[in-house]
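Accompanying notes for the structure given below.
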There are 2 protein chains.
Amino acid sequence: MKNAFYAQSGGVTAVINASASGVIETARKHSDKIGTVYAGENGIIGALTENLIDTSAESDADIAALNHTPSGGFGSCRYKMKSLEANKAEYERLIKVFKAHNIGYFFYNGGGDSADTCLKVSQLSESMGFPIQAIHIPKTVDNDLPVTDNCPGFGSVAKYIAVSTMEASFDVASMAATSTKIFVLEVMGRHAGWIAAAGGLVDSSIPVVILFPEVDFNEEKFLAKVDQNVKEYGYCTIVVSEGTKWPDGTFLAEQGTRDDFGHAQLGGAAPVVANIIKKALGYKFHWAVADYLQRAARHLASNSDVEQAYALGKAAVEMALDGKNSIMPSIVRKSNNPYQWEIGYGELKDIANVEKMMPESYISEDGFSITNACREYLLPLIEGENYPPYNNGLPDYVVMKKIKVGKKLPPFEV
Amino acid sequence: MKNAFYAQSGGVTAVINASASGVIETARKHSDKIGTVYAGENGIIGALTENLIDTSAESDADIAALNHTPSGGFGSCRYKMKSLEANKAEYERLIKVFKAHNIGYFFYNGGGDSADTCLKVSQLSESMGFPIQAIHIPKTVDNDLPVTDNCPGFGSVAKYIAVSTMEASFDVASMAATSTKIFVLEVMGRHAGWIAAAGGLVDSSIPVVILFPEVDFNEEKFLAKVDQNVKEYGYCTIVVSEGTKWPDGTFLAEQGTRDDFGHAQLGGAAPVVANIIKKALGYKFHWAVADYLQRAARHLASNSDVEQAYALGKAAVEMALDGKNSIMPSIVRKSNNPYQWEIGYGELKDIANVEKMMPESYISEDGFSITNACREYLLPLIEGENYPPYNNGLPDYVVMKKIKVGKKLPPFEV
């Protein structure tokens, strides 16, 4: 009977631990077919350095509590394995560690880069004489993985951004007559506007202008739109993606600001946008940068997101036991209203290194808001609330014990 | 039978509408003694310009829904009435409007400046031949009003900051081995560190350094503390108040950053602190500025805060019917654990223009965290969750109809 390896990869989310919970609970239910689940301490680095966490030392209650705990319970990392040609030693090391600990299942929980690593592991294991089933579990707030209808982690960020946009807009609306008329919220999403799009989910009575990375920033058109909103509604809310760029390809966030030593200062896109408006139109502004708050906000998780994250972890184990290799379980949407979905899967070769951008049909013609098609896509993903338990006013999040397995191999430098 | 005037003043909060709900529902219960509640459109400006909202046109369900809706449902304003000597015409105008609409009760829902206006109205009405009972209802996220144990609006911000600090720290903890080691969260609070203090409510296993406005920023000591935390815990979270100052009295947020034209750029304290750490210690950072998100976050309101905001609105009406004038109902703490409180009151002359700072005994000796006394004070204020209802994934917040009463007076310029 083979053991399993599970690792979290890349930026963590509000629900990646729900996938971990799905993997570990499902493996425990099949203890006749699958041995211990070892988790990589800080992701794949834990495998390379043979720092393996023995998840069997974590109680059933604690593994269940992962389901309502944000962040990466076993630690994650930003570490992209090089190509086989560039660093064959790393892949050989992985196989050595898997052999030493009798690991036959490789569950890798991450985004596009991780899918690529997972694909390589799935191809290599056989040629290196130690067959291992490699299954990728999708996770990314950027929602940019292909094949799956959506990515766990995204729905909860989308809910956080939609709710925050709504709440801040209510705030500004009530002050605008004598005070702040402009509120700018900067959101994540790298090169994809999925998260920014969530700001467009608020009621149409709220004037929101969205700046997408997919649309070159047109200062003149933007200022005209903002001014029109202020004149019509008394105020304007702007949701700007961190990836928004000037027509020359530079990020808004890189624009112009220097410290006393002349060094370029990355100050965020939100203050840049706010100052552009102030200079041209004179309106009083406030701005916020949500940064990690948005992807860690388990307190406001979307119920469909939590359920899907868990289901994908569970499906990964079931597919492995079913003999599958080199695949990723995915979300298949069956209907929007009522929202119905089921688990499918795709081949890693179709997933690794492919980025799913916002379709053009999801961005309005003027480039500043979302279309109905986009709204219909997004709404089910923020559906339902899934609150963590609280204790003394704070969420009762769990911290893993992280008991390590004894090392059997010489050290390895990463 | 006299009518009542109610106005919201200054920065709005997640629970000021709960006070409005308390005022209006209680007045409706005493319809034999109190006529219509007129709400000032955009605060006191609504009274001066005779823009009065007839709250009797709002349904019972909508007034109840104010209890779970953030922002100022009738509009608020930043408008401080000048002294009687400087602008007697404004006070005379107020009395004229009150006379014209048979208003005998003045409920003013705000912070320290508003308490001062309320005091003046209470003193003037009699001398101007139109007795009016002026009662102040406390509201401020800054928690800086005297007499009352705490201020409605603060508990919910404190809960938001404590939860956000906890969630972001979990996130950073899981990435710190290979990526971000420093997270800086900028919070509100003006000259008082109450909101920043809430960052200290997280479990002591989380390394949080707080920068209070009450403590001059000591760069050397600060960097040493941050470095020590990174070496011991692998990461460090910093909660910085917007009001934190250098020893020379300038705000951190004003420090050094200039745009391409050489203009000083107000970029927020968080990026300044993050860059100081990066330059001295080299650690990778992320930062967030919560801004309005924190005070509008009704989705994460503290239950004790919501209950107190409502109770104070209710008490204001009951005290008015009891013949009281020139007072503010207040929260009196009876015990910490279990948390017990009751409604008391103070005289406006003891409240107007008095700012309650953090006591020295609430800040740790090194100036970077809170004491147990502070924790015991704060914990009850974030106790309990009070979630709004949701509809299609978003909170079901109410928007008032805002039907205006016919004007009876000539226009007045403010």
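Chain labels A, B, ... are given in the sequence in which chains occur in the structure tokens; within each chain residues are numbered consecutively from 1, and ligands are likewise numbered from 1 in the order shown.
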
Quiz item: Leaving out Gly346 (chain B) and any residue of its chain fewer than 4 positions from it, which residues lie within 8 Å of it when counting only C-alpha atoms, given as a PyMOL selection string?
Solution: chain B and resi 147-148+327-330+350-351

Quiz prompt | chain B contacts to chain A at 7 Å (only C-alpha atoms) as an MDAnalysis selection string | solution = chainID B and resid 12 42 70:73 75:78 163:164 167:168 170:171 174:175 177:179 256:260 267 271 287:293 296:297 382:384 392:394

Quiz prompt | Those of region 13-226 of chain A in DSSP strand (DSSP E or B), formatted as a PyMOL selection string | solution = chain A and resi 37-40+52-54+103-110+133-138+182-187+208-211

Self-check item: Residues within 10 Å of region 52-65 of chain B, only C-alpha atoms, excluding chain neighbours under 2 positions, as a PyMOL selection string
Solution: chain B and resi 5-7+17-18+20-25+28+35-50+67-69+73-74+97+101+388-389+396-407

Close residues, Pro207 (chain B) itself excluded, 8 Å, only C-alpha atoms, min 6 positions apart in chain, as a PDB file with N, CA, C and O atoms, in the first residue's frame:
ATOM      1  N   ASN B 229      11.400  39.646  15.356  1.00  0.00           N
ATOM      2  CA  ASN B 229      10.227  38.825  15.048  1.00  0.00           C
ATOM      3  C   ASN B 229      10.469  37.930  13.837  1.00  0.00           C
ATOM      4  O   ASN B 229      10.105  36.754  13.852  1.00  0.00           O
ATOM      5  N   TYR B 233       9.968  34.183  14.404  1.00  0.00           N
ATOM      6  CA  TYR B 233       8.715  33.607  13.891  1.00  0.00           C
ATOM      7  C   TYR B 233       8.750  33.355  12.383  1.00  0.00           C
ATOM      8  O   TYR B 233       7.834  32.759  11.838  1.00  0.00           O
ATOM      9  N   TYR B 235       8.369  35.701  10.229  1.00  0.00           N
ATOM     10  CA  TYR B 235       7.673  36.816   9.575  1.00  0.00           C
ATOM     11  C   TYR B 235       7.274  37.838  10.629  1.00  0.00           C
ATOM     12  O   TYR B 235       7.437  37.593  11.839  1.00  0.00           O
ATOM     13  N   CYS B 236       6.735  38.960  10.173  1.00  0.00           N
ATOM     14  CA  CYS B 236       6.250  39.971  11.113  1.00  0.00           C
ATOM     15  C   CYS B 236       5.115  40.766  10.487  1.00  0.00           C
ATOM     16  O   CYS B 236       5.178  41.144   9.314  1.00  0.00           O
ATOM     17  N   THR B 237       4.058  40.989  11.266  1.00  0.00           N
ATOM     18  CA  THR B 237       2.936  41.808  10.833  1.00  0.00           C
ATOM     19  C   THR B 237       3.006  43.156  11.552  1.00  0.00           C
ATOM     20  O   THR B 237       3.235  43.192  12.762  1.00  0.00           O
TER      21      THR B 237
END

Practice problem: Enumerate the residues of region 124-373 of chain A with a DSSP assignment of helix (DSSP H, G or I), computed from the backbone, and present them as number ranges by chain. | Solution: A: 124-127, 154-175, 194-201, 219-233, 252-254, 269-281, 292-296, 298-300, 303-321, 348-350, 360-362, 372-373

Quiz item: Which distance in Å separates CA of Ala197 (chain B) and CA of Ala352 (chain B), to one decimal?
Solution: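 Separating CA of Ala197 (chain B) from CA of Ala352 (chain B) is a distance of 24.5 Å.
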
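Computed from the coordinates, the CA of Ala301 (chain B) to CA of Ile161 (chain B) distance equals 11.1 Å.
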
Quiz item: Any idea what's packed within 8 Å of Phe212 (chain B), counting only C-alpha atoms, ignoring anything in its chain fewer than 6 positions away? Could you give it as a VMD selection string?
Solution: chain B and resid 192 to 193 196 to 197 240 to 241 243 to 244 367 to 368
